[in-house]
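See below for the structure under consideration.
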Amino acid sequence: MKKNYIIAISLLATSFVYAQENEKNIDGVEIIHARTKVAKEREEFKKHAQSTEIISDYEINRNNPAFIEQSLNTMAGVQVEKRSQLGGQRIILRGYGNDQKFNNWGIKMYWNNIPLTGADGVTILDDVNFGLINHIDVIKGPAATLYGGGTGGVVRFYTKPETKKGTSISQQFNTGSFGLFQTSTSATNVGENHSITANYNHIGSDGYRPHGKSIKNFYNVNGEIKLNENQKLTLLASHGNSLEQISGQISFDDYYNGIDNGNFAYIRRNAKTKFITTRVGLGHIWNITKNLSNNTTLFYTGTTSDRIAAGAYETYSAPNYGFRSVFNFNKEWEDFRSQTEFGVEIQHSRSLISNYRFKSVKINEEPVLRPIYDGSYFKYLNNQSNYFAVEKLTYKPWGVMFLAGLSLNQISYNRNDMFAIPGLFVINGKDMYGKNLSFDKKFDLVATPHFALQKTWKDQIFNLSYSEGYNAPTSATAFISGLNETNDNLLAEKAKMWDFSIQGLLANTSIDYQVSLFNINIKDKLTQLRGTMNNAEQTPYSYWANTGDQDNKGLEMSLGYVYKPNNFFISKIQPFASYTYNDFKYSKFNTFLKEHGQTAGVMNYNDKNVVGVPKTKISLGVDFDTNFGLYWQNTYNYMGSVYTDFANENKVKSFGLLNSKIGYKHSFNKFDVDVFVIGNNLTNQINYTFMFYGNSINDTDQDNQYNDSSIYTDVNPGPNKAYFFTGFNVKYNF
């Protein structure tokens, strides 16, 4: 770790050496030579006063935008896993977010101003049309002051409206390996006071794994309407239908040998995730006075789903609705500038969830569901509210800004057991259900502060911040489905982070860099554990517990450069690099092994490495643009080795993926054309896309092909051979 701090100090010293001699207001820096994303990235860094990076439309289109992990994984401190070819994405920020087997938890996510994270704190990304995303902000570490609960941070996806006036239609098409067929059709009209785009997107693929088909259809409308000089309306409406077949996990022996037959326990049950989602956000932006403005969004998301896994069949229906309103008040006098931001975000959801359990049967028999009373049927009411205020006071002559912020956050939920109706399951005079798992839970109001000191020196921005976050147990984690028992003694976990970050420009703004040193302490860590049911089959189940503390110390660096040679062929060369070093350890960390529903032993994992997070992660890239429209983009992502178990006994090998895109862009008459070929994993590396971690590993099932409890089946492999796509984008401007 020492050498990494030396590297950071050296880079800091370099920034002072190369900085321009004449100090100037950072807001007045003309960023004309650096990468296109830099201006917006500096703006977001100054706004949030903690480590913040963005991905622009350029970075998203380095690969197929539907594979959002390809662009996000180039960012320092960010990992993205996925359970199927186009679904089951799980985003991990600074080592946080891989604690549960499915979905996202502890990281807040938005699409424009609409929360993708529901009132229950869970985020599902299968129903997001990533083909329409043209900008991503990532705020690393606890960011609860502005965004409510979130131990890991915040990811904000944007679909920004078109600004070029006129009417246009565009067609995008991709095809290639694994039977991919992808088409996207858009129509856009931009006038003096409006911008509206309608889009239809279809993606279909047979998948690279057995039983790995993906089919997605999206219908979207987005845009804005200017009401007058001071007011405008924004709209984002999306309807999606997503189906992802699930192949299941395989053994590590098969993984390393390049063998992928899927997991028979999943395939025999036709495992899948199916989501139908309608999402609408209507916003109003109002410049009330010269100094005061407001941005308010009313949102609604309605989701129904069917999810089949090796052990259960679940149906789900949930409307989620609420609003987010943010006021900004700016005032300048003499040498000072005051920027005040305050607001509220409130969400409610009402969900119905039924869960039916499968019996374990012999390998040649058809899957059978247990009696309905062995499952569950719940009606949930989830509520989440966040109230926040942030004050930034700047002393302009020194370029020094002090930030102080506070948010008040509360979450509550009510569960009504729909099976606990007297007499519903009485058979031969015996109540076969015999319980009532209804309960109410309301967590205490939690205050999370954020303090920062920011200094602008020439083209460099220095930031020292302290922030807190929290993550309350959800209504799902407060219930042990395998035992049909409540688990309502869980505590909310809390995080405290110190972050020292520098963002700067060198060499006449053609080189941009970021460096971050951070320390995050997570207390009362919520962890998914594993137990065994007391029945003849010794069926495994998972449950949640507060296991102790986790200390995350790390270093993140990124660097980009734009070089414009003076020759007739090459117009631009853009290399970039990002480096992540993680020293993440457990402290005061104990797990409880449950057999037959009883505690059978306590294991201590103090000073063990946090599961699923590599010590080192590196991304490298270089792009070439020519004066004739040809371009060549190259990316290499290296993922260091990780441990999957708390005892650090199972270590999964590192891998590096080389991707390349060659294309031709040209505009003629009224047409804009982009034709390209993409090649991924060009060096044929064995790699994974998703794993189970911690005490919930060893996902054995008597119906899979391994039939040996000592064989871990916890890894979802990625394509281990090179694969290719080709496509084109055509836009006609009327």
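How things are named: the first chain in the structure tokens is A, the next is B, and so on; residues count from 1 in each chain; ligands count from 1 in the order shown.
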Taking the chain letters and numbering used in this document, name the residues of range 135-325 of chain A that DSSP puts in strand (DSSP E), as an NGL selection string.
:A and (135-140 or 153-158 or 166-176 or 180-190 or 194-205 or 214-226 or 231-245 or 250-251 or 272-287 or 292-308 or 312-325)
Applying 12 Å and only C-alpha atoms, which residues near Arg268 in chain A remain after dropping the ones on its own chain fewer than 4 positions away? List them as number ranges by chain.
A: 210-211, 245-248, 262-264, 272, 308-311, 358, 360-368, 703-705
Mind dumping the selected residues with C-alpha atoms as a PDB file, in the first residue's frame?
```pdb
ATOM      1  CA  PRO A 210     -26.938 -23.133 -22.508  1.00  0.00           C
ATOM      2  CA  HIS A 211     -30.449 -21.933 -21.699  1.00  0.00           C
ATOM      3  CA  GLN A 245     -33.206 -17.248 -19.212  1.00  0.00           C
ATOM      4  CA  ILE A 246     -30.955 -18.266 -16.305  1.00  0.00           C
ATOM      5  CA  SER A 247     -28.293 -20.922 -16.822  1.00  0.00           C
ATOM      6  CA  GLY A 248     -27.253 -21.151 -13.178  1.00  0.00           C
ATOM      7  CA  GLY A 262     -25.118 -24.760 -17.318  1.00  0.00           C
ATOM      8  CA  ASN A 263     -26.638 -25.950 -14.066  1.00  0.00           C
ATOM      9  CA  PHE A 264     -29.209 -28.707 -14.585  1.00  0.00           C
ATOM     10  CA  LYS A 272     -35.801 -17.234 -15.947  1.00  0.00           C
ATOM     11  CA  ILE A 308     -37.820 -18.981 -11.435  1.00  0.00           C
ATOM     12  CA  ALA A 309     -34.612 -20.275  -9.839  1.00  0.00           C
ATOM     13  CA  ALA A 310     -33.372 -23.693  -8.733  1.00  0.00           C
ATOM     14  CA  GLY A 311     -35.274 -23.572  -5.445  1.00  0.00           C
ATOM     15  CA  PHE A 358     -39.516 -26.598  -5.324  1.00  0.00           C
ATOM     16  CA  SER A 360     -35.615 -31.729  -4.617  1.00  0.00           C
ATOM     17  CA  VAL A 361     -36.231 -34.768  -6.806  1.00  0.00           C
ATOM     18  CA  LYS A 362     -34.132 -37.365  -8.575  1.00  0.00           C
ATOM     19  CA  ILE A 363     -32.210 -36.258 -11.620  1.00  0.00           C
ATOM     20  CA  ASN A 364     -34.534 -38.015 -14.090  1.00  0.00           C
ATOM     21  CA  GLU A 365     -37.784 -36.776 -12.553  1.00  0.00           C
ATOM     22  CA  GLU A 366     -39.769 -33.662 -13.358  1.00  0.00           C
ATOM     23  CA  PRO A 367     -39.528 -30.703 -10.929  1.00  0.00           C
ATOM     24  CA  VAL A 368     -42.328 -30.585  -8.353  1.00  0.00           C
ATOM     25  CA  ASP A 703     -31.067 -31.656  -8.950  1.00  0.00           C
ATOM     26  CA  ASN A 704     -27.823 -30.390 -10.489  1.00  0.00           C
ATOM     27  CA  GLN A 705     -25.254 -32.555 -12.262  1.00  0.00           C
TER      28      GLN A 705
END
```
Using only C-alpha atoms, which protein or nucleic acid residues come within 7 Å of range 136-150 of chain A? Drop anything in the same chain fewer than 6 positions from it, and give the result as an NGL selection string.
:A and (51-56 or 93-94 or 106-108 or 156-158 or 386 or 388 or 405-407 or 409 or 448-450 or 467-471 or 495 or 497)
Put those residues in a file: N, CA, C and O atoms, as a CSV table (one decimal), in the first residue's frame.
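Contents of again-v1.csv, as written:
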```
chain,number,residue,atom,x,y,z
A,51,SER,N,-15.3,12.2,-4.5
A,51,SER,CA,-14.9,11.6,-5.7
A,51,SER,C,-16.1,11.3,-6.6
A,51,SER,O,-17.0,10.6,-6.3
A,52,THR,N,-16.0,11.9,-7.8
A,52,THR,CA,-17.1,11.8,-8.8
A,52,THR,C,-16.5,11.7,-10.2
A,52,THR,O,-15.6,12.5,-10.5
A,53,GLU,N,-17.0,10.7,-10.9
A,53,GLU,CA,-16.6,10.6,-12.3
A,53,GLU,C,-17.8,10.4,-13.2
A,53,GLU,O,-18.9,10.0,-12.7
A,54,ILE,N,-17.6,10.7,-14.5
A,54,ILE,CA,-18.7,10.5,-15.4
A,54,ILE,C,-18.3,9.7,-16.6
A,54,ILE,O,-17.1,9.5,-16.9
A,55,ILE,N,-19.3,9.2,-17.3
A,55,ILE,CA,-19.1,8.5,-18.6
A,55,ILE,C,-20.0,9.2,-19.6
A,55,ILE,O,-21.2,9.3,-19.4
A,56,SER,N,-19.4,9.7,-20.6
A,56,SER,CA,-20.2,10.4,-21.6
A,56,SER,C,-20.6,9.5,-22.7
A,56,SER,O,-20.3,8.3,-22.7
A,93,LEU,N,-19.5,-0.5,-6.0
A,93,LEU,CA,-18.7,0.8,-5.8
A,93,LEU,C,-17.9,0.6,-4.6
A,93,LEU,O,-18.4,0.4,-3.5
A,94,ARG,N,-16.6,0.8,-4.8
A,94,ARG,CA,-15.6,0.8,-3.7
A,94,ARG,C,-15.8,-0.4,-2.8
A,94,ARG,O,-15.8,-0.3,-1.6
A,106,GLY,N,-28.0,-1.0,-1.4
A,106,GLY,CA,-27.0,-0.2,-0.8
A,106,GLY,C,-26.3,0.9,-1.7
A,106,GLY,O,-25.5,1.6,-1.3
A,107,ILE,N,-26.7,0.9,-3.0
A,107,ILE,CA,-26.3,1.9,-3.9
A,107,ILE,C,-27.5,2.5,-4.6
A,107,ILE,O,-28.3,1.8,-5.1
A,108,LYS,N,-27.6,3.8,-4.5
A,108,LYS,CA,-28.8,4.5,-5.0
A,108,LYS,C,-28.6,4.7,-6.5
A,108,LYS,O,-27.5,5.2,-6.9
A,156,ARG,N,-26.1,7.6,-11.5
A,156,ARG,CA,-27.2,8.4,-12.1
A,156,ARG,C,-27.0,8.2,-13.7
A,156,ARG,O,-26.1,8.6,-14.3
A,157,PHE,N,-28.1,7.5,-14.3
A,157,PHE,CA,-28.1,7.4,-15.7
A,157,PHE,C,-29.0,8.5,-16.3
A,157,PHE,O,-30.0,8.9,-15.7
A,158,TYR,N,-28.6,9.0,-17.5
A,158,TYR,CA,-29.3,10.0,-18.1
A,158,TYR,C,-29.6,9.7,-19.6
A,158,TYR,O,-28.8,9.1,-20.3
A,386,ASN,N,-36.5,11.2,2.5
A,386,ASN,CA,-35.2,11.8,2.7
A,386,ASN,C,-35.4,13.3,2.6
A,386,ASN,O,-36.0,13.8,1.6
A,388,PHE,N,-33.1,16.9,2.9
A,388,PHE,CA,-31.6,17.2,2.8
A,388,PHE,C,-31.4,18.7,2.6
A,388,PHE,O,-32.3,19.4,2.0
A,405,GLY,N,-23.4,19.7,4.9
A,405,GLY,CA,-24.7,19.2,4.5
A,405,GLY,C,-25.2,18.2,5.5
A,405,GLY,O,-24.5,17.6,6.3
A,406,LEU,N,-26.5,18.0,5.5
A,406,LEU,CA,-27.2,17.1,6.4
A,406,LEU,C,-28.4,16.6,5.8
A,406,LEU,O,-29.2,17.3,5.1
A,407,SER,N,-28.7,15.3,5.9
A,407,SER,CA,-29.9,14.7,5.5
A,407,SER,C,-30.6,13.9,6.6
A,407,SER,O,-29.9,13.4,7.5
A,409,ASN,N,-33.2,10.8,7.1
A,409,ASN,CA,-33.6,9.6,6.3
A,409,ASN,C,-34.4,8.7,7.2
A,409,ASN,O,-34.0,8.3,8.3
A,448,THR,N,-27.5,12.0,8.5
A,448,THR,CA,-26.2,11.7,7.8
A,448,THR,C,-25.5,13.0,7.4
A,448,THR,O,-26.1,13.7,6.5
A,449,PRO,N,-24.4,13.4,7.9
A,449,PRO,CA,-23.7,14.7,7.5
A,449,PRO,C,-22.7,14.5,6.4
A,449,PRO,O,-22.3,13.4,6.1
A,450,HIS,N,-22.4,15.6,5.8
A,450,HIS,CA,-21.3,15.6,4.8
A,450,HIS,C,-20.6,17.0,5.0
A,450,HIS,O,-21.2,18.0,4.9
A,467,SER,N,-18.0,12.1,4.9
A,467,SER,CA,-19.4,11.8,4.6
A,467,SER,C,-19.9,10.5,5.3
A,467,SER,O,-19.1,9.6,5.6
A,468,GLU,N,-21.2,10.5,5.6
A,468,GLU,CA,-21.8,9.3,6.2
A,468,GLU,C,-22.9,8.8,5.4
A,468,GLU,O,-23.6,9.6,4.6
A,469,GLY,N,-23.2,7.5,5.5
A,469,GLY,CA,-24.3,6.9,4.8
A,469,GLY,C,-24.9,5.8,5.6
A,469,GLY,O,-24.3,5.4,6.6
A,470,TYR,N,-26.1,5.3,5.3
A,470,TYR,CA,-26.7,4.2,6.0
A,470,TYR,C,-27.4,3.4,5.1
A,470,TYR,O,-27.8,3.8,4.0
A,471,ASN,N,-27.7,2.1,5.5
A,471,ASN,CA,-28.4,1.2,4.7
A,471,ASN,C,-29.3,0.3,5.6
A,471,ASN,O,-28.8,-0.5,6.4
A,495,ALA,N,-22.1,3.8,7.5
A,495,ALA,CA,-20.8,4.0,6.9
A,495,ALA,C,-20.3,5.4,7.2
A,495,ALA,O,-21.0,6.4,7.1
A,497,MET,N,-16.9,7.8,5.8
A,497,MET,CA,-15.9,7.9,4.8
A,497,MET,C,-15.1,9.2,4.9
A,497,MET,O,-15.6,10.3,4.9
```
Pick from A:Val515, A:Ser170, A:Tyr255, A:Phe479: nearest to Tyr732 in chain A, with only C-alpha atoms counted?
A:Ser170
